[in-house]
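Below is the file target-v1.txt, which contains compact mmCIF, C-alpha atoms and all ligand atoms.
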# COMPACT_ATOMS: atom_id res chain seq x y z
CA MET V 73 25.51 66.95 -14.18
CA LYS V 74 26.73 63.71 -15.75
CA ALA V 75 30.36 64.65 -15.09
CA LEU V 76 29.59 65.42 -11.48
CA ARG V 77 27.93 62.01 -10.98
CA LEU V 78 30.94 60.28 -12.59
CA MET V 79 33.29 62.17 -10.30
CA LEU V 80 31.26 61.16 -7.25
CA ILE V 81 31.45 57.50 -8.29
CA ILE V 82 35.23 57.76 -8.79
CA ILE V 83 35.62 59.35 -5.35
CA MET V 84 33.53 56.58 -3.77
CA ILE V 85 35.59 53.85 -5.44
CA VAL V 86 38.89 55.44 -4.44
CA SER V 87 37.80 55.95 -0.82
CA CYS V 88 36.57 52.39 -0.64
CA PHE V 89 39.93 51.05 -1.80
CA SER V 90 41.88 53.16 0.62
CA MET V 91 39.57 52.09 3.49
CA VAL V 92 40.14 48.38 2.75
CA ALA V 93 43.88 48.86 2.47
CA CYS V 94 43.87 50.75 5.77
CA VAL V 95 42.08 48.01 7.76
CA ALA V 96 43.92 45.06 6.28
CA ASP V 97 47.45 46.19 6.76
CA ALA V 98 47.48 49.13 9.13
CA ASN V 99 51.16 49.64 9.95
CA CYS V 100 51.99 45.94 9.68
CA ASP V 101 53.77 45.99 6.31
CA GLU V 102 57.05 45.36 8.09
CA GLY V 103 55.52 42.50 10.15
CA HIS V 104 53.09 42.23 13.06
CA ASP V 105 53.80 43.23 16.59
CA LEU V 106 52.55 40.17 18.49
CA ASN V 107 51.89 40.03 22.23
CA GLU V 108 52.37 36.88 24.35
CA ARG V 109 48.99 35.53 23.19
CA CYS V 110 49.96 35.89 19.50
CA VAL V 111 47.59 38.86 19.02
CA CYS V 112 49.00 41.77 16.97
CA THR V 113 48.84 44.95 19.07
CA ARG V 114 48.33 47.08 15.95
CA CYS V 115 45.89 45.16 13.70
CA ASN V 116 44.45 42.66 16.23
CA GLN V 117 45.02 39.66 13.97
CA VAL V 118 45.90 36.36 15.70
CA ILE V 119 48.99 34.86 14.11
CA HIS V 120 49.97 31.52 15.71
CA ASN V 121 53.13 29.66 14.84
CA MET V 122 51.68 26.18 14.42
CA GLY V 123 54.59 24.04 13.23
CA ASN V 124 53.52 20.37 12.86
CA GLY V 125 51.19 19.80 15.83
CA CYS V 126 47.98 21.48 17.06
CA ILE V 127 49.72 23.57 19.75
CA CYS V 128 51.18 27.00 18.90
CA GLN V 129 54.94 26.93 19.37
CA ARG V 130 54.95 30.57 20.54
CA CYS V 131 51.95 30.90 22.90
CA SER V 132 51.06 27.20 23.55
CA ALA V 133 47.39 27.75 22.58
CA PRO V 134 45.69 24.70 21.04
CA GLU V 135 44.21 25.09 17.57
CA HIS V 136 42.44 21.84 16.66
CA THR V 137 40.24 21.00 13.69
CA GLU V 138 37.21 19.19 15.10
CA GLU V 139 35.08 16.60 13.34
CA ASP V 140 32.74 14.21 15.25
CA GLY V 141 34.36 15.32 18.53
CA VAL V 142 37.89 14.39 17.39
CA CYS V 143 40.69 16.55 15.93
CA THR V 144 41.39 15.54 12.32
CA LYS V 145 45.04 16.64 12.66
CA CYS V 146 46.22 15.24 16.03
CA ASN V 147 43.47 12.56 16.60
CA ARG V 148 42.76 13.84 20.12
CA LEU V 149 39.31 13.48 21.67
CA LEU V 150 37.95 17.04 22.06
CA SER V 151 34.49 16.26 23.46
CA ILE V 152 35.78 15.32 26.93
CA ASN V 153 33.97 17.18 29.71
CA GLY V 154 35.39 16.43 33.16
CA SER V 155 35.17 12.67 33.58
CA THR V 156 32.59 11.98 30.85
CA PHE V 157 32.39 12.32 27.08
CA THR V 158 30.35 11.16 24.12
CA LEU V 159 31.94 9.30 21.24
CA GLY V 160 30.18 7.29 18.56
CA LEU V 161 26.53 6.48 17.92
CA TYR V 162 24.60 3.29 18.64
CA PRO V 163 20.90 2.31 18.47
CA GLN V 164 19.48 3.06 21.95
CA SER V 165 15.98 4.51 22.55
CA LYS V 166 12.91 2.88 21.04
CA VAL V 167 11.10 5.09 18.53
CA THR V 168 7.52 5.71 19.69
CA ASP V 169 6.40 8.43 17.24
CA THR V 170 3.89 6.53 15.08
CA SER V 171 4.21 8.80 12.03
CA LEU V 172 8.00 8.36 12.09
CA ILE V 173 7.55 4.59 12.48
CA ASP V 174 5.29 4.58 9.38
CA ILE V 175 7.91 6.44 7.35
CA LEU V 176 10.71 4.11 8.50
CA ASN V 177 8.59 1.00 7.85
CA GLN V 178 7.90 2.18 4.31
CA SER V 179 11.58 2.80 3.60
CA ALA V 180 12.52 -0.65 5.00
CA GLY V 181 10.13 -2.50 2.67
CA GLU V 182 8.62 -5.89 3.34
CA ALA V 183 9.47 -7.74 6.57
CA PRO V 184 12.31 -10.20 5.86
CA SER V 185 12.26 -13.97 5.66
CA TYR V 186 14.86 -16.58 4.75
CA SER V 187 13.84 -16.50 1.07
CA GLN V 188 13.02 -12.79 0.81
CA LYS V 189 15.23 -10.56 2.91
CA GLY V 190 15.45 -7.36 0.82
CA GLU V 191 17.97 -5.01 2.48
CA TRP V 192 17.52 -6.64 5.90
CA ILE V 193 20.61 -8.28 7.43
CA SER V 194 20.53 -11.46 9.52
CA TYR V 195 22.06 -11.05 13.01
CA GLY V 196 23.44 -14.59 12.72
CA TYR V 197 21.96 -15.45 16.13
CA TYR V 198 21.84 -19.02 17.44
CA LYS V 199 19.03 -21.44 18.16
CA TYR V 200 19.48 -25.17 18.95
CA GLY V 201 23.27 -24.63 18.95
CA ALA V 202 23.58 -23.28 15.39
CA VAL V 203 23.06 -20.08 13.40
CA GLU V 204 19.48 -19.75 12.16
CA TYR V 205 17.76 -17.08 10.10
CA TYR V 206 15.13 -15.56 12.38
CA ALA V 207 16.57 -12.26 13.65
CA TRP V 208 17.12 -9.31 11.32
CA TYR V 209 18.06 -5.64 11.31
CA ILE V 210 18.17 -2.75 8.86
CA ASP V 211 19.71 0.74 9.20
CA LYS V 212 17.90 3.73 7.70
CA GLU V 213 18.50 7.48 7.70
CA TYR V 214 15.72 10.04 7.86
CA ASN V 215 15.92 13.82 8.40
CA GLY V 216 19.62 13.66 9.28
CA GLU V 217 19.11 10.99 11.99
CA LYS V 218 19.93 7.29 11.82
CA TYR V 219 17.63 4.48 12.95
CA ARG V 220 17.85 0.70 13.25
CA GLY V 221 14.84 -1.52 12.54
CA VAL V 222 14.72 -4.91 14.29
CA ILE V 223 12.46 -7.92 13.75
CA PHE V 224 12.49 -11.46 15.13
CA SER V 225 10.36 -14.05 13.33
CA ASP V 226 11.00 -16.28 16.37
CA TYR V 227 12.33 -15.47 19.87
CA ARG V 228 16.05 -15.41 20.57
CA PRO V 229 16.77 -18.03 23.26
CA SER V 230 18.72 -16.83 26.31
CA SER V 231 21.10 -19.73 25.75
CA THR V 232 22.49 -20.59 22.28
CA ILE V 233 21.40 -24.22 22.64
CA ASN V 234 17.71 -23.61 23.42
CA SER V 235 14.62 -23.24 21.24
CA GLY V 236 13.06 -19.88 20.43
CA SER V 237 9.99 -20.31 22.60
CA SER V 238 8.59 -17.48 24.72
CA SER V 239 9.61 -19.34 27.89
CA ALA V 240 13.27 -19.48 26.77
CA THR V 241 13.76 -15.76 26.10
CA TYR V 242 13.61 -12.42 27.93
CA GLN V 243 12.55 -10.48 24.84
CA ASP V 244 8.82 -10.83 25.54
CA ASP V 245 9.39 -10.11 29.28
CA ASN V 246 10.97 -6.82 28.15
CA GLY V 247 7.93 -6.02 25.95
CA TYR V 248 9.39 -7.00 22.56
CA LEU V 249 7.25 -9.50 20.68
CA GLU V 250 8.07 -11.79 17.75
CA GLN V 251 6.91 -10.89 14.21
CA THR V 252 6.96 -7.15 15.00
CA VAL V 253 9.25 -4.44 13.63
CA TYR V 254 10.73 -2.12 16.29
CA TRP V 255 12.82 0.97 15.52
CA PHE V 256 15.67 2.37 17.63
CA LYS V 257 17.40 5.73 17.26
CA TYR V 258 21.19 5.92 16.93
CA GLU V 259 22.20 8.16 19.85
CA PRO V 260 25.56 9.38 21.20
CA ILE V 261 27.32 6.80 23.37
CA ARG V 262 28.15 8.26 26.80
CA TRP V 263 31.43 7.14 28.37
CA SER V 264 32.85 7.49 31.89
CA VAL V 265 36.58 7.97 32.29
CA VAL V 266 38.01 5.37 34.67
CA LYS V 267 41.68 6.32 34.50
CA GLN V 268 43.83 8.94 32.76
CA ASN V 269 47.56 9.04 32.20
CA ASN V 270 50.10 10.01 29.54
CA GLY V 271 47.45 11.63 27.33
CA LYS V 272 45.29 8.50 27.34
CA ALA V 273 41.98 7.74 29.05
CA LEU V 274 40.45 4.36 29.83
CA ALA V 275 36.68 4.78 29.48
CA VAL V 276 33.67 2.54 29.89
CA SER V 277 30.15 2.87 28.48
CA GLN V 278 27.70 4.30 31.03
CA LEU V 279 24.94 1.97 29.78
CA ILE V 280 24.58 -1.67 28.82
CA LEU V 281 24.41 -1.23 25.04
CA ASP V 282 23.68 -4.73 23.80
CA SER V 283 23.05 -8.33 24.83
CA GLN V 284 25.39 -11.03 23.46
CA CYS V 285 26.92 -14.33 24.49
CA PHE V 286 30.65 -14.48 25.35
CA TYR V 287 31.11 -17.53 23.15
CA THR V 288 28.53 -19.56 21.24
CA ASP V 289 29.52 -22.95 22.71
CA ARG V 290 30.37 -24.19 26.22
CA ASN V 291 32.60 -27.04 25.05
CA THR V 292 36.39 -27.04 25.02
CA ARG V 293 37.68 -27.03 21.43
CA GLU V 294 40.90 -27.81 19.59
CA ASN V 295 42.54 -25.31 17.27
CA GLY V 296 45.42 -27.08 15.52
CA ASN V 297 47.20 -28.70 18.45
CA LYS V 298 46.07 -26.05 20.91
CA THR V 299 43.26 -26.54 23.42
CA ILE V 300 40.88 -23.58 23.57
CA TYR V 301 38.64 -23.36 26.62
CA ALA V 302 35.23 -21.79 26.15
CA ASN V 303 36.15 -18.93 28.51
CA ASN V 304 39.11 -17.78 26.37
CA TRP V 305 38.82 -14.05 25.65
CA GLU V 306 41.17 -13.98 22.65
CA GLN V 307 39.14 -16.64 20.82
CA SER V 308 35.72 -15.45 21.99
CA SER V 309 32.88 -14.48 19.67
CA LEU V 310 32.23 -11.40 21.84
CA ARG V 311 35.75 -10.06 21.19
CA GLN V 312 35.11 -10.44 17.44
CA TRP V 313 31.71 -8.80 17.79
CA LEU V 314 33.10 -5.81 19.73
CA ASN V 315 35.99 -5.21 17.33
CA ASN V 316 33.97 -5.68 14.13
CA ASP V 317 30.19 -5.32 14.46
CA PHE V 318 30.15 -2.80 17.32
CA TYR V 319 33.31 -0.88 16.32
CA ASN V 320 32.11 -0.36 12.74
CA ALA V 321 28.49 0.44 13.67
CA ALA V 322 29.42 2.92 16.41
CA PHE V 323 32.41 4.96 15.21
CA SER V 324 33.20 7.12 12.17
CA ASP V 325 36.66 6.78 10.59
CA ASN V 326 37.74 9.98 12.29
CA GLN V 327 36.53 8.73 15.70
CA LYS V 328 38.36 5.43 15.17
CA ASN V 329 41.57 7.48 14.88
CA ALA V 330 41.09 8.64 18.50
CA ILE V 331 40.83 5.05 19.80
CA ILE V 332 44.08 3.45 20.89
CA ALA V 333 44.51 -0.34 20.71
CA GLU V 334 46.66 -1.37 23.68
CA SER V 335 47.94 -4.72 24.88
CA LEU V 336 45.54 -6.09 27.52
CA ASP V 337 46.56 -8.33 30.40
CA ASN V 338 44.48 -11.50 30.07
CA LYS V 339 46.67 -13.81 32.16
CA THR V 340 46.47 -12.44 35.67
CA THR V 341 42.88 -11.30 35.65
CA ALA V 342 40.87 -14.46 36.27
CA TYR V 343 37.72 -14.42 38.34
CA ASP V 344 38.76 -14.25 42.03
CA GLY V 345 42.02 -12.68 40.85
CA SER V 346 44.07 -15.84 41.14
CA TYR V 347 46.59 -16.96 38.56
CA ASN V 348 45.06 -20.19 37.31
CA ASP V 349 45.08 -22.55 34.33
CA TYR V 350 42.21 -20.93 32.43
CA ALA V 351 43.81 -17.50 32.70
CA ASN V 352 47.40 -18.70 32.38
CA CYS V 353 46.79 -20.29 28.96
CA GLN V 354 45.49 -17.03 27.49
CA ASN V 355 47.46 -14.62 25.35
CA ASN V 356 47.41 -10.90 25.87
CA THR V 357 45.37 -9.18 23.16
CA THR V 358 45.54 -5.79 21.45
CA ASP V 359 41.96 -4.61 21.05
CA ASN V 360 40.23 -1.42 19.91
CA VAL V 361 37.17 -2.29 22.00
CA PHE V 362 37.20 -4.71 24.93
CA LEU V 363 35.53 -5.72 28.19
CA LEU V 364 36.83 -4.70 31.60
CA SER V 365 38.58 -7.46 33.58
CA TYR V 366 37.74 -8.82 37.01
CA LYS V 367 40.93 -7.11 38.19
CA ASP V 368 39.70 -3.74 36.84
CA VAL V 369 36.31 -3.75 38.55
CA THR V 370 37.70 -4.92 41.90
CA ASP V 371 40.50 -2.33 41.89
CA THR V 372 39.39 0.33 44.36
CA ALA V 373 41.98 2.72 42.89
CA LEU V 374 39.82 2.84 39.76
CA GLY V 375 36.88 4.00 41.85
CA PHE V 376 34.50 1.11 41.24
CA ASN V 377 31.99 0.08 43.88
CA SER V 378 28.76 -1.91 44.00
CA SER V 379 26.79 1.25 43.35
CA ASN V 380 28.53 2.54 40.20
CA LEU V 381 28.98 -0.98 38.77
CA ARG V 382 25.20 -1.25 38.46
CA LYS V 383 24.33 -0.33 34.90
CA TRP V 384 21.10 0.75 33.29
CA SER V 385 20.47 -0.66 29.85
CA THR V 386 19.15 0.77 26.60
CA ASP V 387 15.82 -0.20 25.03
CA TYR V 388 17.83 -1.74 22.19
CA ALA V 389 19.71 -4.08 24.58
CA LYS V 390 16.38 -5.22 26.04
CA ALA V 391 15.02 -5.89 22.55
CA GLN V 392 18.02 -8.20 22.00
CA GLY V 393 16.89 -10.26 25.01
CA LEU V 394 18.85 -8.77 27.92
CA TYR V 395 17.90 -10.14 31.31
CA SER V 396 16.75 -7.12 33.33
CA SER V 397 16.26 -7.82 36.99
CA PRO V 398 12.86 -6.55 38.12
CA ASN V 399 14.17 -6.28 41.69
CA VAL V 400 16.83 -3.66 41.14
CA ASP V 401 15.31 -1.21 38.73
CA TYR V 402 16.05 -3.10 35.55
CA LYS V 403 19.77 -3.24 36.01
CA GLY V 404 21.21 -6.08 33.98
CA LEU V 405 24.18 -8.41 34.23
CA TRP V 406 27.21 -7.55 32.13
CA TRP V 407 30.22 -9.55 31.04
CA LEU V 408 33.83 -9.14 32.10
CA ARG V 409 36.60 -10.65 29.96
CA SER V 410 38.11 -12.76 32.78
CA ALA V 411 37.95 -16.53 32.83
CA ASP V 412 36.43 -18.34 35.78
CA SER V 413 38.98 -20.09 38.01
CA ASN V 414 37.26 -23.47 38.23
CA THR V 415 35.02 -24.00 35.22
CA SER V 416 36.20 -23.72 31.61
CA SER V 417 32.71 -22.79 30.38
CA MET V 418 32.26 -19.87 32.77
CA VAL V 419 33.34 -16.24 32.67
CA ALA V 420 33.24 -13.45 35.26
CA LEU V 421 30.52 -10.81 35.17
CA VAL V 422 28.88 -8.04 37.17
CA ASN V 423 25.55 -8.90 38.81
CA PRO V 424 22.47 -6.62 38.85
CA ILE V 425 23.41 -5.53 42.40
CA GLY V 426 26.91 -4.47 41.36
CA THR V 427 28.83 -7.43 42.76
CA THR V 428 30.87 -9.89 40.69
CA GLY V 429 29.80 -13.40 39.74
CA ASN V 430 30.33 -15.98 37.02
CA GLN V 431 28.08 -17.51 34.35
CA TYR V 432 28.07 -19.81 31.32
CA VAL V 433 29.65 -18.32 28.21
CA ASN V 434 26.84 -19.21 25.81
CA THR V 435 24.18 -17.16 27.60
CA THR V 436 22.86 -14.48 25.23
CA SER V 437 20.89 -12.52 27.84
CA TYR V 438 23.87 -10.83 29.51
CA GLY V 439 24.89 -7.29 28.75
CA VAL V 440 27.74 -5.77 26.78
CA VAL V 441 29.46 -2.75 28.36
CA PRO V 442 32.24 -1.78 25.94
CA ALA V 443 35.51 -0.22 27.16
CA ILE V 444 37.95 1.82 25.07
CA ILE V 445 41.21 3.73 25.48
CA VAL V 446 41.16 7.15 23.83
CA ASN V 447 43.76 9.74 22.93
CA ILE V 448 43.07 12.92 24.98
ZN ZN Y 1 49.41 43.38 12.68
ZN ZN Y 2 50.16 31.37 19.30
ZN ZN Y 3 44.53 18.74 17.08
Using the file provided, produce a representation of the structure as structure tokens.
Amino acid sequence: MKALRLMLIIIMIVSCFSMVACVADANCDEGHDLNERCVCTRCNQVIHNMGNGCICQRCSAPEHTEEDGVCTKCNRLLSINGSTFTLGLYPQSKVTDTSLIDILNQSAGEAPSYSQKGEWISYGYYKYGAVEYYAWYIDKEYNGEKYRGVIFSDYRPSSTINSGSSSATYQDDNGYLEQTVYWFKYEPIRWSVVKQNNGKALAVSQLILDSQCFYTDRNTRENGNKTIYANNWEQSSLRQWLNNDFYNAAFSDNQKNAIIAESLDNKTTAYDGSYNDYANCQNNTTDNVFLLSYKDVTDTALGFNSSNLRKWSTDYAKAQGLYSSPNVDYKGLWWLRSADSNTSSMVALVNPIGTTGNQYVNTTSYGVVPAIIVNI
């Protein structure tokens, strides 16, 4: 009886081995017999010939390795879907779930002040023409999601030179009150493709994501022996903000690899399109994140019109003090990078009705609509 059981076990083991050997290498010891799609006609394995890139050299099929919507090998954006895609995360919708707010408040600790800020970070926002400590944020993760807490001990004036009174800000008009912590969820940034060529796409955020001044001061300044006008894009605080604060908050390292920094034309793109002194004195810049130019948004070949230039804004942008016109469904103004033709302290922008205009650089209540060029 015992011998019989042993024999049965041996037979089972042997048959198991032969079965495995049969499936793994059925008739392919001498090599596979691949069809035009790199599938072996005998064992059905797919054997691509990848070489260095992510495209098979035999059948031309792509084989990317995706992480955060970007291939880790060739740095191409893989999340593109027709003329839109998502890339990066940024605080957008206000959190309204009170139990979640309680949990986030507990993890953030005491509300910050100049002398006791804990983990809160000062925005470095202006009041009376200088940086003051009254606006703070903190980033927290909970249940695999990321959130940003925001508190203002005083209102953020809509111009860098004003006081933080409720009559000088749009924060309270948007429903965000001083001395109160608000939480915003980091959500995928949606982009619209404006132009594609040579494996690159110019894309612009579908929403106004933030509210920032173009430069903190209206006055002309001297840098060494060079005169810098307040409407200079290269030397603007908004260019620094986009390429540091925004770029680092929004994109993972892998996503940054998909973003291409290209030389931007800053000379011929002044408001009204003319070649003038304020544009002529500017250098071209090479930026990861930038603003569209006056020339871009008035170029009909790029498909812009007064309807699609109107932009909705996020809750987070409104909490930062964005001016949201009550007449056109809360569509805000947003900056372009082009200097005004006549006034050194003014820059071009898009109005709430989707037409172009110009405004003072140190206004903090105008929207930021980032643009990027991505590898596709
Ligand atoms: Zn085979
Ligand atoms: Zn192949
Ligand atoms: Zn790839």
- Task: Could you please extract the residues within 12 Å of ligand ZN 2 (chain Y), counting only C-alpha atoms and all ligand atoms, and hand them back as an NGL selection string?
- Result: :V and (106-112 or 117-123 or 126-135)
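Residues lying within 12 Å of Thr170 (chain V), counting only C-alpha atoms and ignoring same-chain neighbours fewer than 5 positions away, are Ile175, Leu176, Asn177, Tyr254 and Trp255 of chain V.
All polymer residues at most 12 Å from (10.6, -13.8, 28.0), using all atoms listed in the file, appear as Asp226, Tyr227, Arg228, Pro229, Ser230, Gly236, Ser237, Ser238, Ser239, Ala240, Thr241, Tyr242, Gln243, Asp244, Asp245, Asn246, Gly247, Tyr248, Leu249, Glu250, Lys390, Ala391, Gln392, Gly393, Leu394, Tyr395, Ser396 and Ser437 of chain V.
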Expected file contents, prior selection, C-alpha atoms, as a compact mmCIF listing (two decimals), keeping the file's coordinate frame:
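Final file, out_32.txt:
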# COMPACT_ATOMS: atom_id res chain seq x y z
CA ASP V 226 11.00 -16.28 16.37
CA TYR V 227 12.33 -15.47 19.87
CA ARG V 228 16.05 -15.41 20.57
CA PRO V 229 16.77 -18.03 23.26
CA SER V 230 18.72 -16.83 26.31
CA GLY V 236 13.06 -19.88 20.43
CA SER V 237 9.99 -20.31 22.60
CA SER V 238 8.59 -17.48 24.72
CA SER V 239 9.61 -19.34 27.89
CA ALA V 240 13.27 -19.48 26.77
CA THR V 241 13.76 -15.76 26.10
CA TYR V 242 13.61 -12.42 27.93
CA GLN V 243 12.55 -10.48 24.84
CA ASP V 244 8.82 -10.83 25.54
CA ASP V 245 9.39 -10.11 29.28
CA ASN V 246 10.97 -6.82 28.15
CA GLY V 247 7.93 -6.02 25.95
CA TYR V 248 9.39 -7.00 22.56
CA LEU V 249 7.25 -9.50 20.68
CA GLU V 250 8.07 -11.79 17.75
CA LYS V 390 16.38 -5.22 26.04
CA ALA V 391 15.02 -5.89 22.55
CA GLN V 392 18.02 -8.20 22.00
CA GLY V 393 16.89 -10.26 25.01
CA LEU V 394 18.85 -8.77 27.92
CA TYR V 395 17.90 -10.14 31.31
CA SER V 396 16.75 -7.12 33.33
CA SER V 437 20.89 -12.52 27.84
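Coordinates place CA of Ser379 (chain V) at a distance of 28.3 Å from CA of Asn315 (chain V).
One distance worth recording is that between CA of Ala389 (chain V) and CA of Lys367 (chain V), which is 25.4 Å.
Going from CA of Ala420 (chain V) to CA of Tyr366 (chain V) covers 6.7 Å.
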Report as a tab-separated table: every residue of chain V with an atom at most 10 Å from ligand ZN 1 (chain Y), its closest pair of atoms, and their distance in Å to one decimal, counting all atoms listed in the file, with rows sorted by chain and ascending residue number.
residue	atom	partner	partner_atom	distance
V:Val95	CA	Y:ZN1	ZN	10.0
V:Ala96	CA	Y:ZN1	ZN	8.6
V:Asp97	CA	Y:ZN1	ZN	6.8
V:Ala98	CA	Y:ZN1	ZN	7.0
V:Asn99	CA	Y:ZN1	ZN	7.1
V:Cys100	CA	Y:ZN1	ZN	4.7
V:Asp101	CA	Y:ZN1	ZN	8.1
V:Glu102	CA	Y:ZN1	ZN	9.1
V:Gly103	CA	Y:ZN1	ZN	6.7
V:His104	CA	Y:ZN1	ZN	3.9
V:Asp105	CA	Y:ZN1	ZN	5.9
V:Leu106	CA	Y:ZN1	ZN	7.3
V:Val111	CA	Y:ZN1	ZN	8.0
V:Cys112	CA	Y:ZN1	ZN	4.6
V:Thr113	CA	Y:ZN1	ZN	6.6
V:Arg114	CA	Y:ZN1	ZN	5.1
V:Cys115	CA	Y:ZN1	ZN	4.1
V:Asn116	CA	Y:ZN1	ZN	6.1
V:Gln117	CA	Y:ZN1	ZN	5.9
V:Val118	CA	Y:ZN1	ZN	8.4
V:Ile119	CA	Y:ZN1	ZN	8.6
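With all atoms listed in the file as the atoms that count, the residue of V:Leu281, V:Thr435, V:Ile445, V:Met418 with the shortest distance to Lys328 (chain V) is V:Ile445.
Comparing V:Gln178, V:Ser264, V:Ser194, V:Ser187 by their smallest distance to Val276 (chain V), the closest is V:Ser264 (using all atoms listed in the file).
If all atoms listed in the file are the atoms counted, then among V:Ser151, V:Gln284, V:Asn377, V:Thr415 the closest residue to Leu314 (chain V) is V:Gln284.
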What residues of the protein or nucleic acid chains come within 6 Å of ligand ZN 3 (chain Y) when you use all atoms listed in the file? Reply as a compact mmCIF listing (two decimals) with C-alpha atoms, keeping the file's coordinate frame.
# COMPACT_ATOMS: atom_id res chain seq x y z
CA CYS V 126 47.98 21.48 17.06
CA HIS V 136 42.44 21.84 16.66
CA THR V 137 40.24 21.00 13.69
CA CYS V 143 40.69 16.55 15.93
CA LYS V 145 45.04 16.64 12.66
CA CYS V 146 46.22 15.24 16.03
- Polymer residues at most 10 Å from Tyr198 (chain V), only C-alpha atoms, same-chain spacing of 3 or more positions, as number ranges by chain: V: 195, 201-207, 228-236, 285, 288, 434, 436
